[in-house]
Amino acid sequence: MKLSLKWLSQYIDHGLSSEELANRMTMAGLEVEAVLPAGDDTVFEIEVTPNRPDCLNVLGLAREVSAITDRDLKALPPKAHADVAQVDITIEDKEGCGRYLGTRVEGVNVGILPADKSRLLQAIGLKPISNIVDITNFVLFEFGQPLHAFDADKLEGGRIIVRRAKKGEKIVTLDDIERTLDEGILVIADARKPVAIAGIMGGRDTAVTAGTRNILLESAYFDMGLVRRASRKLGLTSDSCYRFERGVDPATVPTAADRATDLILELAGGRVTARRDVCLREVTAARGVIEVAARDIRQLLGTDIDPLRARRILERLACAVTVTGDTFSVQPPRNRNDLKIREDIIEELARVVGFDNLAMSLPSVGAINITVDREKEDFNGRLATSFVAQGFHEILTHAMISRAAMEKTGYDGIAPMALQNPMSAEQELMRPTMLPSALQAVAFNMNRGQKDLKFFEIGKRYLPAGERWTLLMVMTGRHEGDWRRGKRDAFDLFDVKGALETAFAAVRVKGLEYRAGAAAAFEAGQAAGVFLKGQPIGSMGRISDDVLGKFEIKKAGVYVAEIDLAPALDALTPQAKFAVPEEFPAMVRDVSLAVKAARFEDIRALCAARGAGLLRKIELVEEYRGDKIDKGSRGLVLSLTYQAGDRTLTEDAVNALHESIVKELMEKFEALRR
Amino acid sequence: MSWDIEKIKIDVAADVNAAGALDALEAVRVKYLGKKGLVQEMYAGLATATGDEKRSLGKGANDIKILADALITQRKAALAATVKRAQALDVTMPGVARDAGTRHLITQTIEEICDVFERLGFVIQRGPEVETEFYNFTALNIPLDHPSRDSFDTFYLDEKDPTAVGRYLLLRSHTSPGQVRVMQNHKPPLAVIIPGKVYRPDAVDASHAFMFHQIEGLLVDKHVTFADLKGLLTAFCKKFFGDDVKMRFRPHFFPFTEPSAEVDIQSNIFKGRAGKWLEILGCGMVHPAVFAHAGYPAGEYSGLAFGLGVERIAMLRHGIGDIRTFTENDLRVLKQF
């Protein structure tokens, strides 16, 4: 809402500089967002919140300034006109239109508005059109009541009918655009056709032009919801519409009509030949009385407000106040739809006094009725801490993805949730998988020459059955350099796996298992399904070159893991119990085997099963694939650690056990000793 | 055989000095002190010598032995030091370290803000991002068809709301729905902080994103006042932005609080924004209609609520000009925080 200070001064002498006035209004809830010079005038750009339609006009703002500065409003007694002859008004849609006042003025001279008023309109950005139209705008901004002037001679049958549009009915509005209407839209029609979209914009063909002699002035009250829906449907708004959808006061309908009529008679000549006020809604009923006791004020604000001051504030805001003991009975003015309950009245006092002038205390937060499982609450944070310690950078990706991106990853799981009103195809789905997010982050960085990436995100996937906390890991490129070695190893699946295991160990989740093969996005033979307690919880591996190509990532080994966190959270193991460090010495025996089909996990499990309670550790030292071994075989070097809790083991005993294990490995897995 | 003791002494010194390396020095040692060395030879000569000659030869041999021993030991130490100097590390070579990773600035900021309130006794709660119209609007006293909804423009999902006939699920446009969810599940006193993602179909530019983060706070008890609200948020701002932060509580409108305010701050830590009021949060006293939707008896409780925009706070504090920076995940940016 733009406010001309010259215009304001017609209703109040506030006695403040424009800067001080702007500050005081801002601190009373009418935020002055800009103070703009406009010739010898100054214009405030005010953010009026949607609960305050009464402030969308100069008089309403003057009333606020009166309360803020504790100064009187200048009286403005509008001349009341009485109904004379009939205007042919029919309100068919009684829900949509509560009041319609038509005033017929004949013999007007359409011309230009005098400079003193025209300048005020121009200061707030309105272009002069003609004296008649400018007067309707002037009164709109003065009282907040939208008005419209028709060329009375162009109204077929001289009739005004307020009704719903018929489906497919058309009107060319003042902006020269033909609009197609339907039953959801309220119109003003003459005997034959719509002549205005009620509360939003008039029609071109019945508009006042230079040749207009007789006018019909409309001042009406339309249903706010209906106007709002029509405005949205048509994608059309106006100063009039803006006020109707926020709420205007039906009691202002005659006041504004008469003010405009007076101005027309004064500035454009003519005479009133007919005036009729069709009022369907009870507008005289006063608002209910709200009781506010001093105790209520203290309880809500934690501070008292001087009762004399309080009363003056409310009266300056046009409330009727009676005082009984320490209780105010407050009757808000008709146009303050936002004042309904005690708290609303107390807020009026608080904001005019100024929030910054109220007391301040620290609340005592006592025993709270909510118990929090810290372990679970901190789970994501502890997981993140471990990844950070391992050199991963946390990323933040969009929860929405495009269908194309999802399809690029070959996702074939549960159908994702789609948005009804996405802003673009880039954000049409709630992601059921985080893989596209990962690959987009990789592509973004690779395009900027950053090839060594270790990323993680703890975010959500969104499925119709619910939101799933999910861990995403991404690794591509090489390990950080070590000038003592020179060579930098490329990341592979085992880096992802190791980092995942370290992080899960940090949050005390144990027992991850891996099975070859995984979702479509991964390269065959370089991926694994991840399982916890036998249930699949995600997958990891190398993204296939085909999928990488679709994300425009070239020549890179990109390793990703996507892990569902809910099962992990359920699998938290208890806090560790203290164990006495082993006292007797350990003995280490290595064995080098050539194996064919056997999986490491099977070999490990067999060793563990045959360890006779003495095998403490089974470590893989090295894997060898190459010329020095039979085709189809690979070499594995294992290091086995033996130890007893109650004695020092003898060499003979360890060697015998070790040999028996090796022998069984050789038999069971057709392994050869190397 | 006669020995020129003084000349031998000079020879020893010259030989030792001439030895430029440890092996050469060892040869000098063998020459004089070895089993077949000069000193042994002199001792052997004692057998045939007599009288004064024998005495002076004995003393001479001893002197030479002591001298050679001392000079060689000294020379050996000097040579060893030279060798060590040559083998010393270049301590200015770079250390070898594992690079540490980073938390994202947004999660860092969320944790930091939550920490402040947790220390004040608040507990963290979370709510769903996929919400119903009831929690996102109705329960918060926001009429479904009213301009006061405009500032909460919303993404709708093509997914029916199982709790309301003919209505659809939506993505929460603020974290405030969490207020009612918490109140439905818990009786006061309660003090909770609800961080999370929110969504609005805003055209994306440097200061608008369609997904961002908010932190909701709610304190409900028997006698919570607006003074408490001011005190709590002032304590927060001082802890988070520093003691010299300037604040103001500006009246505003939210359908779910009454009175409602926005908090503006000024701080020297905001580069280039000195002397400007910057809005950082919205707050107010819980509206009685919200208590009613939560199922609390009328007039029994009072509460304060507030909501912070995480991106905005992080942008102000770190001088980030474009909100899109947060979701680009540029490694060069991630490493800065």
# chains A, B, ... in the order shown; residues from 1 in each chain; ligands from 1
>>> interface_residues(of="chain B", to="chain A", cutoff="6 Å", atoms="only C-alpha atoms", output="count of residues only")
28
>>> select_by_dssp(residues="range 273-325 of chain B", states="helix (DSSP H, G or I)", output="PyMOL selection string")
chain B and resi 288-294+310-318+325
>>> write_last_selection(atoms="C-alpha atoms", output="PDB file, in the first residue's frame")
ATOM      1  CA  PRO B 288      -6.103 -19.719  21.612  1.00  0.00           C
ATOM      2  CA  ALA B 289      -7.497 -21.298  18.417  1.00  0.00           C
ATOM      3  CA  VAL B 290      -4.300 -23.347  18.093  1.00  0.00           C
ATOM      4  CA  PHE B 291      -4.657 -24.607  21.664  1.00  0.00           C
ATOM      5  CA  ALA B 292      -8.229 -25.556  20.830  1.00  0.00           C
ATOM      6  CA  HIS B 293      -7.105 -27.585  17.796  1.00  0.00           C
ATOM      7  CA  ALA B 294      -4.487 -29.249  19.966  1.00  0.00           C
ATOM      8  CA  VAL B 310      18.126 -21.284   8.750  1.00  0.00           C
ATOM      9  CA  GLU B 311      19.371 -20.320   5.283  1.00  0.00           C
ATOM     10  CA  ARG B 312      18.798 -16.636   5.960  1.00  0.00           C
ATOM     11  CA  ILE B 313      20.707 -16.753   9.230  1.00  0.00           C
ATOM     12  CA  ALA B 314      23.593 -18.648   7.651  1.00  0.00           C
ATOM     13  CA  MET B 315      23.685 -16.238   4.712  1.00  0.00           C
ATOM     14  CA  LEU B 316      23.786 -13.208   6.997  1.00  0.00           C
ATOM     15  CA  ARG B 317      26.360 -14.650   9.320  1.00  0.00           C
ATOM     16  CA  HIS B 318      28.747 -15.872   6.632  1.00  0.00           C
ATOM     17  CA  THR B 325      24.922 -21.905  -3.023  1.00  0.00           C
TER      18      THR B 325
END
>>> residues_around(residues="range 233-240 of chain B", least_positions_apart="6", cutoff="10 Å", atoms="only C-alpha atoms", output="list in words")
Met360, Ser361 and Leu362 of chain A; Glu112, Ile113, Val116, Phe117, Leu120, Lys246, Met247, Arg248, Phe249, Val263, Ile265, Ile280, Leu281, Cys283, Phe306 and Arg317 of chain B
>>> write_last_selection(atoms="N, CA and C atoms", output="mmCIF file, in the first residue's frame")
data_model
loop_
_atom_site.group_PDB
_atom_site.id
_atom_site.type_symbol
_atom_site.label_atom_id
_atom_site.label_comp_id
_atom_site.auth_asym_id
_atom_site.auth_seq_id
_atom_site.Cartn_x
_atom_site.Cartn_y
_atom_site.Cartn_z
ATOM 1 N N MET A 360 10.641 -7.567 29.905
ATOM 2 C CA MET A 360 11.332 -8.736 29.388
ATOM 3 C C MET A 360 11.726 -9.622 30.569
ATOM 4 N N SER A 361 11.596 -10.942 30.412
ATOM 5 C CA SER A 361 12.009 -11.850 31.484
ATOM 6 C C SER A 361 12.491 -13.139 30.834
ATOM 7 N N LEU A 362 13.158 -13.969 31.578
ATOM 8 C CA LEU A 362 13.568 -15.260 31.020
ATOM 9 C C LEU A 362 12.614 -16.326 31.530
ATOM 10 N N GLU B 112 23.849 -25.725 15.728
ATOM 11 C CA GLU B 112 24.287 -24.650 16.621
ATOM 12 C C GLU B 112 23.084 -23.952 17.260
ATOM 13 N N ILE B 113 22.064 -23.698 16.443
ATOM 14 C CA ILE B 113 20.864 -23.028 16.973
ATOM 15 C C ILE B 113 20.169 -23.941 17.990
ATOM 16 N N VAL B 116 21.796 -24.013 21.405
ATOM 17 C CA VAL B 116 21.497 -22.885 22.287
ATOM 18 C C VAL B 116 20.204 -23.166 23.043
ATOM 19 N N PHE B 117 19.182 -23.618 22.301
ATOM 20 C CA PHE B 117 17.895 -23.849 22.962
ATOM 21 C C PHE B 117 17.922 -25.097 23.842
ATOM 22 N N LEU B 120 19.003 -24.259 27.073
ATOM 23 C CA LEU B 120 17.961 -23.560 27.836
ATOM 24 C C LEU B 120 16.851 -24.511 28.274
ATOM 25 N N LYS B 246 22.068 -5.698 18.154
ATOM 26 C CA LYS B 246 20.912 -4.843 18.459
ATOM 27 C C LYS B 246 19.664 -5.532 17.933
ATOM 28 N N MET B 247 18.588 -5.469 18.726
ATOM 29 C CA MET B 247 17.358 -6.165 18.336
ATOM 30 C C MET B 247 16.163 -5.253 18.429
ATOM 31 N N ARG B 248 15.153 -5.568 17.632
ATOM 32 C CA ARG B 248 13.863 -4.923 17.854
ATOM 33 C C ARG B 248 12.742 -5.923 17.574
ATOM 34 N N PHE B 249 11.669 -5.818 18.334
ATOM 35 C CA PHE B 249 10.483 -6.647 18.142
ATOM 36 C C PHE B 249 9.440 -5.801 17.425
ATOM 37 N N VAL B 263 11.325 -10.304 14.512
ATOM 38 C CA VAL B 263 12.505 -9.761 15.178
ATOM 39 C C VAL B 263 13.503 -9.331 14.119
ATOM 40 N N ILE B 265 17.382 -7.602 13.533
ATOM 41 C CA ILE B 265 18.637 -7.374 14.258
ATOM 42 C C ILE B 265 19.600 -6.535 13.432
ATOM 43 N N ILE B 280 15.030 -11.613 11.106
ATOM 44 C CA ILE B 280 15.572 -12.957 11.218
ATOM 45 C C ILE B 280 14.594 -13.990 11.767
ATOM 46 N N LEU B 281 13.512 -13.564 12.353
ATOM 47 C CA LEU B 281 12.580 -14.588 12.812
ATOM 48 C C LEU B 281 11.202 -14.007 13.064
ATOM 49 N N CYS B 283 7.617 -14.570 15.517
ATOM 50 C CA CYS B 283 7.306 -15.142 16.818
ATOM 51 C C CYS B 283 5.985 -14.596 17.334
ATOM 52 N N PHE B 306 8.044 -19.547 18.033
ATOM 53 C CA PHE B 306 8.879 -18.753 17.124
ATOM 54 C C PHE B 306 9.375 -19.634 15.998
ATOM 55 N N ARG B 317 25.204 -14.477 8.458
ATOM 56 C CA ARG B 317 26.360 -14.650 9.320
ATOM 57 C C ARG B 317 27.641 -14.858 8.535
#
>>> residues_around(residues="range 71-73 of chain B", least_positions_apart="3", cutoff="12 Å", atoms="only C-alpha atoms", output="count of residues only")
35
>>> residues_around(residues="Ile177 in chain A", least_positions_apart="4", cutoff="12 Å", atoms="only C-alpha atoms", output="PyMOL selection string")
chain A and resi 170-173+201-205+234-236
>>> write_last_selection(atoms="C-alpha atoms", output="compact mmCIF listing (two decimals), in the first residue's frame")
# COMPACT_ATOMS: atom_id res chain seq x y z
CA LYS A 170 -17.28 -13.64 -22.50
CA ILE A 171 -16.29 -10.13 -21.53
CA VAL A 172 -13.58 -7.78 -22.73
CA THR A 173 -12.23 -6.14 -19.60
CA MET A 201 -12.60 -5.16 -13.22
CA GLY A 202 -15.16 -3.43 -15.40
CA GLY A 203 -15.89 -4.15 -19.03
CA ARG A 204 -14.42 -2.11 -21.85
CA ASP A 205 -17.66 -1.66 -23.72
CA LEU A 234 -8.72 -15.50 -14.21
CA GLY A 235 -5.19 -14.61 -13.15
CA LEU A 236 -6.47 -11.05 -12.84
>>> residues_around(residues="Val105 in chain A", least_positions_apart="3", cutoff="7 Å", atoms="only C-alpha atoms", output="PyMOL selection string")
chain A and resi 214-216+270-273
>>> atom_distance(atom1="CA of Tyr296 in chain B", atom2="CA of Leu140 in chain B")
13.8 Å
>>> atom_distance(atom1="CA of Cys114 in chain B", atom2="CA of Ile323 in chain B")
21.2 Å
>>> select_by_dssp(residues="range 108-210 of chain A", states="strand (DSSP E)", output="number ranges by chain")
A: 147-151, 159-164, 170-172, 178-180, 186-189, 194-197, 201-202
>>> residues_around(residues="Asp412 in chain A", least_positions_apart="5", cutoff="9 Å", atoms="only C-alpha atoms", output="PDB file with N, CA and C atoms, in the first residue's frame")
ATOM      1  N   GLU A 407      14.461 -41.916 -13.935  1.00  0.00           N
ATOM      2  CA  GLU A 407      14.512 -42.990 -14.928  1.00  0.00           C
ATOM      3  C   GLU A 407      15.937 -43.262 -15.402  1.00  0.00           C
ATOM      4  N   ALA A 519      21.027 -52.988  -7.518  1.00  0.00           N
ATOM      5  CA  ALA A 519      20.069 -52.314  -8.392  1.00  0.00           C
ATOM      6  C   ALA A 519      20.652 -51.980  -9.760  1.00  0.00           C
ATOM      7  N   ALA A 520      19.754 -51.580 -10.651  1.00  0.00           N
ATOM      8  CA  ALA A 520      20.077 -51.407 -12.065  1.00  0.00           C
ATOM      9  C   ALA A 520      21.149 -50.361 -12.323  1.00  0.00           C
TER      10      ALA A 520
END
>>> atom_distance(atom1="CA of Ser66 in chain A", atom2="CA of Gly144 in chain A")
17.8 Å
